[in-house]
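**Q** One structure coming up, written as structure tokens, with questions to follow.
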Amino acid sequence: MNPRIQISALLLALSIFLLFFTGRESDRFRVKPEALSQWATGDTSAIPVDEVARFLISETPGILLIDVREEAAFREMCLPGAIHIPLGKLSSQGYRELLDDRNGRRIFYSNGDDLSTAALTIAAGLGYRHCYRMEGGLNGWYEKIMNATFSGERLSARENALLTTRFEARRLFTHYNSLPDSLKAGIFAARQLEREKLDGGCE
């Protein structure tokens with residue numbers, strides 16, 4: 001069976017289940033399950049890996065990466081600066097304020113597309129907006145970023161910019177995942193402080 005059809009069927013079943021079995025009225029799905037399934041598997045909900053890499057390199061404000069895999073997988077390896085919300089806890093009240101922020105973009109990812117698409121369906125069904133998924137997940141990240149190579153004799157300006165971003169994202173990913181957990185949380189805060197000093201000049 002076509003993987004896209006399998007994902008759509010899975011999401012439709014998940015949507016119907018959550019429509020009837022979420023505990024509180026405020027947590028019930030606000031969109032029809034069929035519409036959710038069609039939207040979550042569409043191209044408009046997916047952000048390409050290269051764009052996520054660019055967000056990381058430029059430290060684009062308002063971007064929140066959310067890893068929906070199990071905790072062990074998240075601790076072993078994750079995208080720099082990502083937070084962990086396992087798929088089973090995504091509808092929890094404790095994450096409402098974080099997910100309902102209308103000023104930024106939340107990007108779900110998993111190893112492939114299945115869990116992140118399910119996460120996107122749940123988030124959209126609960127009324128959260130500005131939510132997306134990283135197309136291809138970490139498998140796509142490894143294919144395009146970690147395994148990026150140059151072959152040939154000449155490089156166009158566009159190809160050069162793309163490869164530069166990929167190599168820089170690869171370096172950041174490798175460095176970030178080599179750090180102990182206690183240091184990961186502070187790495188972006190330190191870089192932000194350094195950038196603010198450069199932008200503001202010396203006092």
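Labels for the structure tokens follow display order: chains A, B, ..., residues from 1 in each chain, ligands from 1.
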Check which residues of range 67-150 of chain A sit at most 12 Å from range 168-186 of chain A using only C-alpha atoms, and return one row each with the closest pair of atoms and their distance in Å to one decimal, ordered by chain and rising number, as CSV.
**A**
residue,atom,partner,partner_atom,distance
A:Phe74,CA,A:Asn177,CA,10.4
A:Arg75,CA,A:Asp181,CA,8.1
A:Glu76,CA,A:Asn177,CA,7.9
A:Met77,CA,A:Asn177,CA,6.0
A:Cys78,CA,A:Asn177,CA,7.0
A:Leu79,CA,A:Phe173,CA,6.4
A:Pro80,CA,A:Tyr176,CA,5.9
A:Gly81,CA,A:Ala185,CA,7.2
A:Ala82,CA,A:Ala185,CA,9.5
A:Ile83,CA,A:Ala185,CA,9.7
A:Leu138,CA,A:Phe173,CA,11.4
A:Trp141,CA,A:Arg170,CA,9.2
A:Tyr142,CA,A:Arg170,CA,9.0
A:Glu143,CA,A:Arg170,CA,11.2
A:Lys144,CA,A:Arg170,CA,9.7
A:Ile145,CA,A:Arg170,CA,5.9
A:Met146,CA,A:Arg170,CA,5.5
A:Asn147,CA,A:Arg170,CA,8.8
A:Ala148,CA,A:Arg170,CA,8.8
A:Thr149,CA,A:Arg170,CA,11.5
**Q** Can I get the selected residues back with N, CA and C atoms, as a PDB file, in the first residue's frame?
**A**
ATOM      1  N   PHE A  74      15.238  10.858  22.127  1.00  0.00           N
ATOM      2  CA  PHE A  74      15.519  12.292  22.214  1.00  0.00           C
ATOM      3  C   PHE A  74      16.847  12.544  22.924  1.00  0.00           C
ATOM      4  N   ARG A  75      17.087  11.837  24.025  1.00  0.00           N
ATOM      5  CA  ARG A  75      18.329  12.039  24.787  1.00  0.00           C
ATOM      6  C   ARG A  75      19.552  11.578  24.003  1.00  0.00           C
ATOM      7  N   GLU A  76      19.370  10.581  23.182  1.00  0.00           N
ATOM      8  CA  GLU A  76      20.493  10.064  22.395  1.00  0.00           C
ATOM      9  C   GLU A  76      20.908  11.053  21.303  1.00  0.00           C
ATOM     10  N   MET A  77      19.918  11.718  20.697  1.00  0.00           N
ATOM     11  CA  MET A  77      20.216  12.614  19.575  1.00  0.00           C
ATOM     12  C   MET A  77      18.986  13.460  19.278  1.00  0.00           C
ATOM     13  N   CYS A  78      19.205  14.769  19.092  1.00  0.00           N
ATOM     14  CA  CYS A  78      18.092  15.647  18.748  1.00  0.00           C
ATOM     15  C   CYS A  78      18.618  16.856  17.984  1.00  0.00           C
ATOM     16  N   LEU A  79      17.715  17.603  17.397  1.00  0.00           N
ATOM     17  CA  LEU A  79      18.108  18.831  16.725  1.00  0.00           C
ATOM     18  C   LEU A  79      18.483  19.879  17.768  1.00  0.00           C
ATOM     19  N   PRO A  80      19.467  20.705  17.484  1.00  0.00           N
ATOM     20  CA  PRO A  80      19.909  21.728  18.439  1.00  0.00           C
ATOM     21  C   PRO A  80      18.768  22.631  18.900  1.00  0.00           C
ATOM     22  N   GLY A  81      18.631  22.742  20.219  1.00  0.00           N
ATOM     23  CA  GLY A  81      17.620  23.618  20.795  1.00  0.00           C
ATOM     24  C   GLY A  81      16.221  23.051  20.852  1.00  0.00           C
ATOM     25  N   ALA A  82      16.026  21.819  20.381  1.00  0.00           N
ATOM     26  CA  ALA A  82      14.688  21.224  20.384  1.00  0.00           C
ATOM     27  C   ALA A  82      14.241  20.908  21.806  1.00  0.00           C
ATOM     28  N   ILE A  83      12.921  20.950  22.009  1.00  0.00           N
ATOM     29  CA  ILE A  83      12.357  20.493  23.268  1.00  0.00           C
ATOM     30  C   ILE A  83      11.672  19.153  23.019  1.00  0.00           C
ATOM     31  N   LEU A 138      14.239  13.150  11.036  1.00  0.00           N
ATOM     32  CA  LEU A 138      15.687  13.001  11.183  1.00  0.00           C
ATOM     33  C   LEU A 138      16.295  12.148  10.074  1.00  0.00           C
ATOM     34  N   TRP A 141      16.972  14.626   7.595  1.00  0.00           N
ATOM     35  CA  TRP A 141      18.084  15.459   8.062  1.00  0.00           C
ATOM     36  C   TRP A 141      19.413  14.777   7.749  1.00  0.00           C
ATOM     37  N   TYR A 142      19.507  13.489   8.047  1.00  0.00           N
ATOM     38  CA  TYR A 142      20.755  12.762   7.780  1.00  0.00           C
ATOM     39  C   TYR A 142      21.038  12.687   6.285  1.00  0.00           C
ATOM     40  N   GLU A 143      19.993  12.454   5.529  1.00  0.00           N
ATOM     41  CA  GLU A 143      20.184  12.318   4.079  1.00  0.00           C
ATOM     42  C   GLU A 143      20.669  13.630   3.450  1.00  0.00           C
ATOM     43  N   LYS A 144      20.066  14.763   3.849  1.00  0.00           N
ATOM     44  CA  LYS A 144      20.384  16.032   3.178  1.00  0.00           C
ATOM     45  C   LYS A 144      21.465  16.840   3.879  1.00  0.00           C
ATOM     46  N   ILE A 145      21.538  16.750   5.191  1.00  0.00           N
ATOM     47  CA  ILE A 145      22.484  17.590   5.936  1.00  0.00           C
ATOM     48  C   ILE A 145      23.754  16.825   6.300  1.00  0.00           C
ATOM     49  N   MET A 146      23.597  15.722   6.986  1.00  0.00           N
ATOM     50  CA  MET A 146      24.761  14.990   7.491  1.00  0.00           C
ATOM     51  C   MET A 146      25.535  14.303   6.370  1.00  0.00           C
ATOM     52  N   ASN A 147      24.841  13.929   5.292  1.00  0.00           N
ATOM     53  CA  ASN A 147      25.504  13.243   4.186  1.00  0.00           C
ATOM     54  C   ASN A 147      25.715  14.138   2.965  1.00  0.00           C
ATOM     55  N   ALA A 148      25.610  15.444   3.167  1.00  0.00           N
ATOM     56  CA  ALA A 148      25.781  16.380   2.048  1.00  0.00           C
ATOM     57  C   ALA A 148      27.215  16.333   1.529  1.00  0.00           C
ATOM     58  N   THR A 149      27.343  16.269   0.215  1.00  0.00           N
ATOM     59  CA  THR A 149      28.673  16.259  -0.418  1.00  0.00           C
ATOM     60  C   THR A 149      28.635  17.128  -1.669  1.00  0.00           C
TER      61      THR A 149
END
**Q** Among range 26-171 of chain A, which residues carry a DSSP assignment of helix (DSSP H, G or I), reported as a short mmCIF file (atom, residue, chain, number, x, y, z; two decimals) with N, CA and C atoms, in the first residue's frame?
**A**
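out24.cif, written as the output of this step:
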data_model
loop_
_atom_site.label_atom_id
_atom_site.label_comp_id
_atom_site.auth_asym_id
_atom_site.auth_seq_id
_atom_site.Cartn_x
_atom_site.Cartn_y
_atom_site.Cartn_z
N SER A 26 -13.08 21.33 26.28
CA SER A 26 -12.17 22.30 25.67
C SER A 26 -11.05 21.64 24.89
N ASP A 27 -10.81 20.34 25.15
CA ASP A 27 -9.74 19.62 24.47
C ASP A 27 -10.24 18.88 23.23
N PRO A 33 -12.32 15.33 11.34
CA PRO A 33 -11.19 14.41 11.18
C PRO A 33 -10.72 14.26 9.74
N GLU A 34 -11.65 14.22 8.79
CA GLU A 34 -11.27 14.03 7.39
C GLU A 34 -10.46 15.22 6.88
N ALA A 35 -10.88 16.42 7.28
CA ALA A 35 -10.15 17.63 6.86
C ALA A 35 -8.77 17.67 7.48
N LEU A 36 -8.68 17.25 8.75
CA LEU A 36 -7.38 17.23 9.43
C LEU A 36 -6.41 16.28 8.75
N SER A 37 -6.89 15.08 8.44
CA SER A 37 -6.05 14.08 7.81
C SER A 37 -5.52 14.57 6.47
N GLN A 38 -6.40 15.19 5.69
CA GLN A 38 -5.99 15.69 4.37
C GLN A 38 -4.98 16.82 4.51
N TRP A 39 -5.21 17.73 5.48
CA TRP A 39 -4.32 18.88 5.65
C TRP A 39 -2.94 18.45 6.17
N ALA A 40 -2.90 17.56 7.16
CA ALA A 40 -1.64 17.18 7.80
C ALA A 40 -0.69 16.45 6.87
N ASP A 43 1.38 19.30 1.41
CA ASP A 43 2.68 19.96 1.30
C ASP A 43 2.76 21.26 2.09
N THR A 44 1.62 21.94 2.30
CA THR A 44 1.65 23.23 2.99
C THR A 44 1.99 23.08 4.48
N SER A 45 1.83 21.89 5.01
CA SER A 45 2.12 21.69 6.43
C SER A 45 3.57 21.27 6.67
N VAL A 49 13.75 20.19 5.15
CA VAL A 49 14.91 20.07 6.04
C VAL A 49 15.87 21.24 5.86
N ASP A 50 16.12 21.65 4.62
CA ASP A 50 17.05 22.74 4.37
C ASP A 50 16.58 24.06 5.00
N GLU A 51 15.27 24.26 5.04
CA GLU A 51 14.76 25.48 5.66
C GLU A 51 14.94 25.42 7.18
N VAL A 52 14.73 24.25 7.77
CA VAL A 52 14.97 24.09 9.21
C VAL A 52 16.44 24.33 9.52
N ALA A 53 17.32 23.82 8.67
CA ALA A 53 18.76 24.05 8.84
C ALA A 53 19.07 25.54 8.81
N ARG A 54 18.43 26.25 7.89
CA ARG A 54 18.65 27.70 7.80
C ARG A 54 18.16 28.41 9.05
N PHE A 55 17.00 27.98 9.57
CA PHE A 55 16.49 28.56 10.81
C PHE A 55 17.50 28.40 11.95
N LEU A 56 18.10 27.20 12.02
CA LEU A 56 19.06 26.93 13.10
C LEU A 56 20.32 27.77 12.97
N ILE A 57 20.83 27.87 11.77
CA ILE A 57 22.07 28.62 11.55
C ILE A 57 21.87 30.11 11.83
N SER A 58 20.74 30.64 11.38
CA SER A 58 20.49 32.08 11.56
C SER A 58 19.82 32.39 12.89
N GLU A 71 11.53 9.44 24.93
CA GLU A 71 12.57 10.18 25.64
C GLU A 71 13.97 9.62 25.39
N ALA A 72 14.10 8.30 25.35
CA ALA A 72 15.43 7.70 25.13
C ALA A 72 16.01 8.13 23.79
N ALA A 73 15.18 8.16 22.77
CA ALA A 73 15.65 8.57 21.44
C ALA A 73 16.02 10.05 21.44
N PHE A 74 15.24 10.86 22.13
CA PHE A 74 15.52 12.29 22.21
C PHE A 74 16.85 12.54 22.92
N ARG A 75 17.09 11.84 24.03
CA ARG A 75 18.33 12.04 24.79
C ARG A 75 19.55 11.58 24.00
N GLU A 76 19.37 10.58 23.18
CA GLU A 76 20.49 10.06 22.39
C GLU A 76 20.91 11.05 21.30
N LEU A 87 4.61 12.18 21.78
CA LEU A 87 3.33 12.24 21.08
C LEU A 87 2.15 12.00 22.02
N GLY A 88 2.30 11.05 22.93
CA GLY A 88 1.21 10.69 23.83
C GLY A 88 0.83 11.78 24.81
N LYS A 89 1.68 12.79 24.99
CA LYS A 89 1.40 13.86 25.96
C LYS A 89 1.08 15.19 25.29
N GLN A 93 -2.79 19.41 29.16
CA GLN A 93 -3.02 20.81 29.48
C GLN A 93 -1.72 21.55 29.77
N GLY A 94 -0.72 20.83 30.28
CA GLY A 94 0.54 21.46 30.63
C GLY A 94 1.28 22.08 29.46
N TYR A 95 0.95 21.67 28.24
CA TYR A 95 1.63 22.20 27.05
C TYR A 95 0.77 23.21 26.29
N ARG A 96 -0.43 23.51 26.81
CA ARG A 96 -1.36 24.38 26.08
C ARG A 96 -0.76 25.75 25.78
N GLU A 97 -0.21 26.39 26.80
CA GLU A 97 0.32 27.74 26.60
C GLU A 97 1.47 27.76 25.59
N LEU A 98 2.32 26.74 25.67
CA LEU A 98 3.46 26.64 24.76
C LEU A 98 3.01 26.45 23.31
N LEU A 99 2.04 25.59 23.11
CA LEU A 99 1.60 25.25 21.76
C LEU A 99 0.62 26.26 21.17
N ASP A 114 5.75 9.79 10.10
CA ASP A 114 4.53 9.27 10.73
C ASP A 114 4.17 9.99 12.04
N LEU A 115 5.09 9.98 13.01
CA LEU A 115 4.78 10.58 14.32
C LEU A 115 4.60 12.08 14.24
N SER A 116 5.42 12.75 13.43
CA SER A 116 5.30 14.20 13.33
C SER A 116 4.00 14.60 12.65
N THR A 117 3.54 13.80 11.69
CA THR A 117 2.27 14.09 11.03
C THR A 117 1.12 13.86 12.00
N ALA A 118 1.22 12.81 12.82
CA ALA A 118 0.21 12.56 13.86
C ALA A 118 0.20 13.71 14.86
N ALA A 119 1.38 14.20 15.24
CA ALA A 119 1.48 15.33 16.18
C ALA A 119 0.83 16.57 15.60
N LEU A 120 1.06 16.81 14.33
CA LEU A 120 0.50 17.97 13.65
C LEU A 120 -1.03 17.86 13.62
N THR A 121 -1.53 16.67 13.40
CA THR A 121 -2.97 16.44 13.36
C THR A 121 -3.60 16.73 14.72
N ILE A 122 -2.94 16.25 15.78
CA ILE A 122 -3.45 16.49 17.14
C ILE A 122 -3.44 17.98 17.46
N ALA A 123 -2.32 18.63 17.16
CA ALA A 123 -2.19 20.06 17.47
C ALA A 123 -3.24 20.89 16.72
N ALA A 124 -3.40 20.62 15.44
CA ALA A 124 -4.38 21.36 14.64
C ALA A 124 -5.79 21.06 15.09
N GLY A 125 -6.05 19.81 15.44
CA GLY A 125 -7.38 19.43 15.89
C GLY A 125 -7.77 20.10 17.19
N GLY A 137 11.73 14.18 8.61
CA GLY A 137 12.22 13.95 9.97
C GLY A 137 13.74 13.84 10.02
N LEU A 138 14.24 13.15 11.04
CA LEU A 138 15.69 13.00 11.18
C LEU A 138 16.30 12.15 10.07
N ASN A 139 15.50 11.26 9.51
CA ASN A 139 16.01 10.49 8.36
C ASN A 139 16.33 11.44 7.20
N GLY A 140 15.44 12.40 6.96
CA GLY A 140 15.68 13.40 5.94
C GLY A 140 16.84 14.32 6.29
N TRP A 141 16.97 14.63 7.60
CA TRP A 141 18.08 15.46 8.06
C TRP A 141 19.41 14.78 7.75
N TYR A 142 19.51 13.49 8.05
CA TYR A 142 20.75 12.76 7.78
C TYR A 142 21.04 12.69 6.28
N GLU A 143 19.99 12.45 5.53
CA GLU A 143 20.18 12.32 4.08
C GLU A 143 20.67 13.63 3.45
N LYS A 144 20.07 14.76 3.85
CA LYS A 144 20.38 16.03 3.18
C LYS A 144 21.46 16.84 3.88
N ILE A 145 21.54 16.75 5.19
CA ILE A 145 22.48 17.59 5.94
C ILE A 145 23.75 16.83 6.30
N MET A 146 23.60 15.72 6.99
CA MET A 146 24.76 14.99 7.49
C MET A 146 25.54 14.30 6.37
N ALA A 157 26.30 29.85 -7.47
CA ALA A 157 26.15 30.63 -6.23
C ALA A 157 25.07 30.04 -5.34
N ARG A 158 23.99 29.58 -5.94
CA ARG A 158 22.89 28.98 -5.18
C ARG A 158 23.34 27.67 -4.52
N GLU A 159 24.04 26.82 -5.29
CA GLU A 159 24.54 25.56 -4.73
C GLU A 159 25.55 25.81 -3.62
N ASN A 160 26.37 26.83 -3.79
CA ASN A 160 27.36 27.16 -2.78
C ASN A 160 26.69 27.59 -1.48
N ALA A 161 25.65 28.42 -1.59
CA ALA A 161 24.92 28.88 -0.40
C ALA A 161 24.24 27.71 0.29
N LEU A 162 23.66 26.80 -0.49
CA LEU A 162 22.98 25.64 0.07
C LEU A 162 23.96 24.73 0.80
N LEU A 163 25.09 24.43 0.15
CA LEU A 163 26.08 23.56 0.78
C LEU A 163 26.70 24.21 2.02
N THR A 164 26.92 25.50 1.98
CA THR A 164 27.46 26.20 3.14
C THR A 164 26.52 26.07 4.33
N THR A 165 25.22 26.26 4.08
CA THR A 165 24.23 26.10 5.15
C THR A 165 24.20 24.67 5.67
N ARG A 166 24.25 23.71 4.77
CA ARG A 166 24.22 22.30 5.19
C ARG A 166 25.45 21.93 6.01
N PHE A 167 26.62 22.39 5.59
CA PHE A 167 27.84 22.06 6.33
C PHE A 167 27.85 22.73 7.70
N GLU A 168 27.35 23.97 7.77
CA GLU A 168 27.29 24.67 9.05
C GLU A 168 26.27 24.01 9.98
N ALA A 169 25.13 23.58 9.42
CA ALA A 169 24.11 22.88 10.21
C ALA A 169 24.64 21.54 10.70
N ARG A 170 25.40 20.86 9.86
CA ARG A 170 26.02 19.59 10.26
C ARG A 170 26.98 19.79 11.43
N ARG A 171 27.81 20.85 11.32
CA ARG A 171 28.76 21.15 12.39
C ARG A 171 28.04 21.46 13.71
#
**Q** Just to confirm, what's the straight-line distance from CA of Asp67 in chain A to CA of Tyr109 in chain A in Å (one decimal)?
**A**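 Those two atoms sit 5.3 Å apart.
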**Q** Taking into account only C-alpha atoms, which residue in the set A:Pro48, A:Gly104, A:Leu90, A:Ile85 is nearest to Thr60 in chain A?
**A**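 Ranking A:Pro48, A:Gly104, A:Leu90, A:Ile85 by distance to Thr60 in chain A, first place goes to A:Gly104.
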**Q** State, in Å with one decimal place, the distance from CA of Phe108 in chain A to CA of Glu59 in chain A.
**A** 17.1 Å
